[in-house]
Amino acid sequence: MPQPPQPRCPPNCHACGLRDFAAFTELPAGALDAINRARSHTTVGRAGSTLIRENQANSQLYTLYSGWAFRYSTLKDGRRQILNFLLPGDLMGLQQEFGDDAAHGVELLTDCALCVFKGDSLWELYREHPRLGYDITWLAAHEEGHVDDNLLTAGRRNALERVAMLLLQLYRRLDRLGLAEGGSIEFPLTQQHIADALGLSLVHTNKTLRRLVHLGLHTIEDGRLSILNPRALARIAEYYDQPPRLLPLL
């Protein structure tokens, strides 16, 4: 099984540890060279830091190489909605590339390593490598699919279904990356993160998590989530396996 990527990005895209995972598409050497040219630099960020600020200009794109982050919006009184969680391989900042200012913020949930691309590098990729242009378009559509799932969850699922959906979705995303071990994954989320993602109060989130524990469906201990009964959790969430498709990686 491939090992989790190291906390720092490799010196070039040909040495990318993420590309060892079976979840990502393979690229011809020429396309990989183009990605390497488009990458301006790499960086690391500390947990709790803001990568992209709301309502401010942002001219960079990021691929999350290691760690967790999340995309969010806030109201004037400080109430926050987490729009989705970001995991290794996810492309960040694409939403802002097509607007003047960042409509959403991105905060690092853990220490992260990131590959950085200049926003205008997209033009060359689209022009010179149509396959990569298609991949970027596919990633945007895939991200929209996550948002659609989250809208359905917030709008129609009850609290038990919402929490079951989130736990199972995050587990499956990491499992397909090869980062699940013995039915468990790294899980740095607090109950406040879960509440902010699902539109629940902190008290309701706590009660719902405890109910799922009492049903014998999951545990969260020492920063890890263990899924004990994935079929029962899927029935509660009405979230069933779909044939996985290989993911583009920029």
# chains A, B, ... in the order shown; residues from 1 in each chain; ligands from 1

$ select_by_dssp --residues "stretch 37-131 of chain A" --states "strand (DSSP E)" --output "PyMOL selection string"
chain A and resi 39-45+50-52+60-66+69-74+80-86+91-92+105-108+112-118

$ residues_around --residues "stretch 148-164 of chain A" --least-positions-apart "6" --cutoff "6 Å" --atoms "only C-alpha atoms" --output "list in words"
Leu198, Thr208, Leu233, Ile236 and Ala237 of chain A

$ write_last_selection --atoms "all heavy atoms" --output "compact mmCIF listing (two decimals), in the first residue's frame"
# COMPACT_ATOMS: atom_id res chain seq x y z
N LEU A 198 -22.61 20.81 8.76
CA LEU A 198 -23.93 20.20 8.60
C LEU A 198 -25.08 21.12 8.99
O LEU A 198 -26.25 20.73 8.89
CB LEU A 198 -24.00 18.92 9.44
CG LEU A 198 -22.99 17.83 9.05
CD1 LEU A 198 -23.12 16.63 9.98
CD2 LEU A 198 -23.19 17.41 7.59
N THR A 208 -26.06 13.54 18.44
CA THR A 208 -26.17 12.66 17.28
C THR A 208 -24.96 11.74 17.17
O THR A 208 -25.10 10.54 16.88
CB THR A 208 -26.31 13.50 16.00
OG1 THR A 208 -27.43 14.39 16.13
CG2 THR A 208 -26.55 12.61 14.79
N LEU A 233 -24.44 2.26 8.33
CA LEU A 233 -24.23 3.70 8.19
C LEU A 233 -24.70 4.18 6.82
O LEU A 233 -25.32 5.24 6.70
CB LEU A 233 -22.75 4.01 8.39
CG LEU A 233 -22.37 5.39 8.95
CD1 LEU A 233 -23.01 5.63 10.31
CD2 LEU A 233 -20.86 5.52 9.05
N ILE A 236 -28.54 4.38 6.74
CA ILE A 236 -29.04 5.57 7.42
C ILE A 236 -28.87 6.80 6.54
O ILE A 236 -29.79 7.62 6.41
CB ILE A 236 -28.30 5.77 8.76
CG1 ILE A 236 -28.71 4.68 9.76
CG2 ILE A 236 -28.59 7.16 9.34
CD1 ILE A 236 -27.91 4.70 11.05
N ALA A 237 -27.72 6.94 5.91
CA ALA A 237 -27.42 8.12 5.10
C ALA A 237 -28.03 8.05 3.71
O ALA A 237 -28.10 9.07 3.01
CB ALA A 237 -25.92 8.30 4.99

$ select_by_dssp --residues "stretch 14-50 of chain A" --states "alpha helix (DSSP H)" --output "VMD selection string"
chain A and resid 29 to 38

$ write_last_selection --atoms "N, CA and C atoms" --output "PDB file, in the first residue's frame"
ATOM      1  N   ALA A  29       4.224  11.797 -20.247  1.00  0.00           N
ATOM      2  CA  ALA A  29       5.340  12.613 -19.747  1.00  0.00           C
ATOM      3  C   ALA A  29       5.191  14.076 -20.145  1.00  0.00           C
ATOM      4  N   GLY A  30       4.725  14.342 -21.358  1.00  0.00           N
ATOM      5  CA  GLY A  30       4.592  15.722 -21.803  1.00  0.00           C
ATOM      6  C   GLY A  30       3.621  16.521 -20.966  1.00  0.00           C
ATOM      7  N   ALA A  31       2.508  15.905 -20.588  1.00  0.00           N
ATOM      8  CA  ALA A  31       1.522  16.597 -19.755  1.00  0.00           C
ATOM      9  C   ALA A  31       2.084  16.836 -18.361  1.00  0.00           C
ATOM     10  N   LEU A  32       2.826  15.866 -17.838  1.00  0.00           N
ATOM     11  CA  LEU A  32       3.419  16.036 -16.517  1.00  0.00           C
ATOM     12  C   LEU A  32       4.475  17.136 -16.530  1.00  0.00           C
ATOM     13  N   ASP A  33       5.213  17.234 -17.630  1.00  0.00           N
ATOM     14  CA  ASP A  33       6.179  18.329 -17.772  1.00  0.00           C
ATOM     15  C   ASP A  33       5.469  19.678 -17.748  1.00  0.00           C
ATOM     16  N   ALA A  34       4.301  19.753 -18.398  1.00  0.00           N
ATOM     17  CA  ALA A  34       3.546  21.007 -18.444  1.00  0.00           C
ATOM     18  C   ALA A  34       3.061  21.402 -17.054  1.00  0.00           C
ATOM     19  N   ILE A  35       2.611  20.431 -16.284  1.00  0.00           N
ATOM     20  CA  ILE A  35       2.186  20.719 -14.917  1.00  0.00           C
ATOM     21  C   ILE A  35       3.367  21.214 -14.097  1.00  0.00           C
ATOM     22  N   ASN A  36       4.511  20.580 -14.299  1.00  0.00           N
ATOM     23  CA  ASN A  36       5.701  20.978 -13.553  1.00  0.00           C
ATOM     24  C   ASN A  36       6.103  22.416 -13.880  1.00  0.00           C
ATOM     25  N   ARG A  37       5.955  22.809 -15.148  1.00  0.00           N
ATOM     26  CA  ARG A  37       6.267  24.192 -15.535  1.00  0.00           C
ATOM     27  C   ARG A  37       5.258  25.173 -14.958  1.00  0.00           C
ATOM     28  N   ALA A  38       4.005  24.734 -14.863  1.00  0.00           N
ATOM     29  CA  ALA A  38       2.961  25.622 -14.349  1.00  0.00           C
ATOM     30  C   ALA A  38       3.079  25.827 -12.841  1.00  0.00           C
TER      31      ALA A  38
END

$ residues_around --residues "A:Thr50" --least-positions-apart "3" --cutoff "12 Å" --atoms "only C-alpha atoms" --output "ChimeraX atom specification"
/A:44-47,53-54,69-72,104-112

$ residues_around --residues "A:Asn206" --least-positions-apart "5" --cutoff "10 Å" --atoms "only C-alpha atoms" --output "list in words"
Gln191, Gln192, Ile194, Ala195, Leu200, Ser201 and Arg211 of chain A

$ write_last_selection --atoms "N, CA, C and O atoms" --output "PDB file, in the first residue's frame"
ATOM      1  N   GLN A 191     -16.055  18.559  16.932  1.00  0.00           N
ATOM      2  CA  GLN A 191     -17.511  18.594  16.792  1.00  0.00           C
ATOM      3  C   GLN A 191     -17.983  19.926  16.231  1.00  0.00           C
ATOM      4  O   GLN A 191     -19.004  19.986  15.543  1.00  0.00           O
ATOM      5  N   GLN A 192     -17.224  21.006  16.480  1.00  0.00           N
ATOM      6  CA  GLN A 192     -17.596  22.301  15.917  1.00  0.00           C
ATOM      7  C   GLN A 192     -17.468  22.289  14.398  1.00  0.00           C
ATOM      8  O   GLN A 192     -18.307  22.841  13.688  1.00  0.00           O
ATOM      9  N   ILE A 194     -17.855  19.683  12.487  1.00  0.00           N
ATOM     10  CA  ILE A 194     -18.982  18.883  11.993  1.00  0.00           C
ATOM     11  C   ILE A 194     -20.263  19.704  12.028  1.00  0.00           C
ATOM     12  O   ILE A 194     -21.048  19.704  11.068  1.00  0.00           O
ATOM     13  N   ALA A 195     -20.470  20.424  13.123  1.00  0.00           N
ATOM     14  CA  ALA A 195     -21.666  21.266  13.235  1.00  0.00           C
ATOM     15  C   ALA A 195     -21.697  22.330  12.146  1.00  0.00           C
ATOM     16  O   ALA A 195     -22.732  22.575  11.514  1.00  0.00           O
ATOM     17  N   LEU A 200     -25.848  22.212  12.004  1.00  0.00           N
ATOM     18  CA  LEU A 200     -26.431  21.760  13.270  1.00  0.00           C
ATOM     19  C   LEU A 200     -25.834  22.563  14.417  1.00  0.00           C
ATOM     20  O   LEU A 200     -24.751  23.125  14.312  1.00  0.00           O
ATOM     21  N   SER A 201     -26.552  22.589  15.535  1.00  0.00           N
ATOM     22  CA  SER A 201     -25.977  23.178  16.735  1.00  0.00           C
ATOM     23  C   SER A 201     -24.940  22.231  17.304  1.00  0.00           C
ATOM     24  O   SER A 201     -24.929  21.020  17.008  1.00  0.00           O
ATOM     25  N   ARG A 211     -25.329   9.032  19.682  1.00  0.00           N
ATOM     26  CA  ARG A 211     -26.343   8.046  19.293  1.00  0.00           C
ATOM     27  C   ARG A 211     -25.772   7.039  18.301  1.00  0.00           C
ATOM     28  O   ARG A 211     -26.018   5.834  18.408  1.00  0.00           O
TER      29      ARG A 211
END

$ atom_distance --atom1 "atom CA of A:Gly223" --atom2 "atom CA of A:Cys9"
23.7 Å

$ decode --residues "stretch 110-132 of chain A" --atoms "C-alpha atoms" --output "short mmCIF file (atom, residue, chain, number, x, y, z; two decimals), in the first residue's frame"
data_model
loop_
_atom_site.label_atom_id
_atom_site.label_comp_id
_atom_site.auth_asym_id
_atom_site.auth_seq_id
_atom_site.Cartn_x
_atom_site.Cartn_y
_atom_site.Cartn_z
CA THR A 110 -3.98 20.44 9.89
CA ASP A 111 -0.41 21.27 8.93
CA CYS A 112 -0.40 21.09 5.13
CA ALA A 113 1.97 20.93 2.18
CA LEU A 114 0.76 22.59 -1.01
CA CYS A 115 1.83 22.95 -4.62
CA VAL A 116 1.19 26.50 -5.88
CA PHE A 117 0.22 27.49 -9.42
CA LYS A 118 -0.24 30.93 -10.88
CA GLY A 119 -3.82 31.44 -12.00
CA ASP A 120 -2.80 32.51 -15.50
CA SER A 121 -1.01 29.19 -16.00
CA LEU A 122 -4.41 27.66 -16.74
CA TRP A 123 -4.45 29.33 -20.15
CA GLU A 124 -1.31 27.54 -21.30
CA LEU A 125 -2.58 24.21 -20.02
CA TYR A 126 -5.88 24.62 -21.87
CA ARG A 127 -4.15 25.82 -25.04
CA GLU A 128 -1.23 23.41 -25.20
CA HIS A 129 -2.67 20.34 -23.46
CA PRO A 130 -6.42 19.86 -24.09
CA ARG A 131 -6.36 16.72 -21.95
CA LEU A 132 -5.28 18.78 -18.93
#
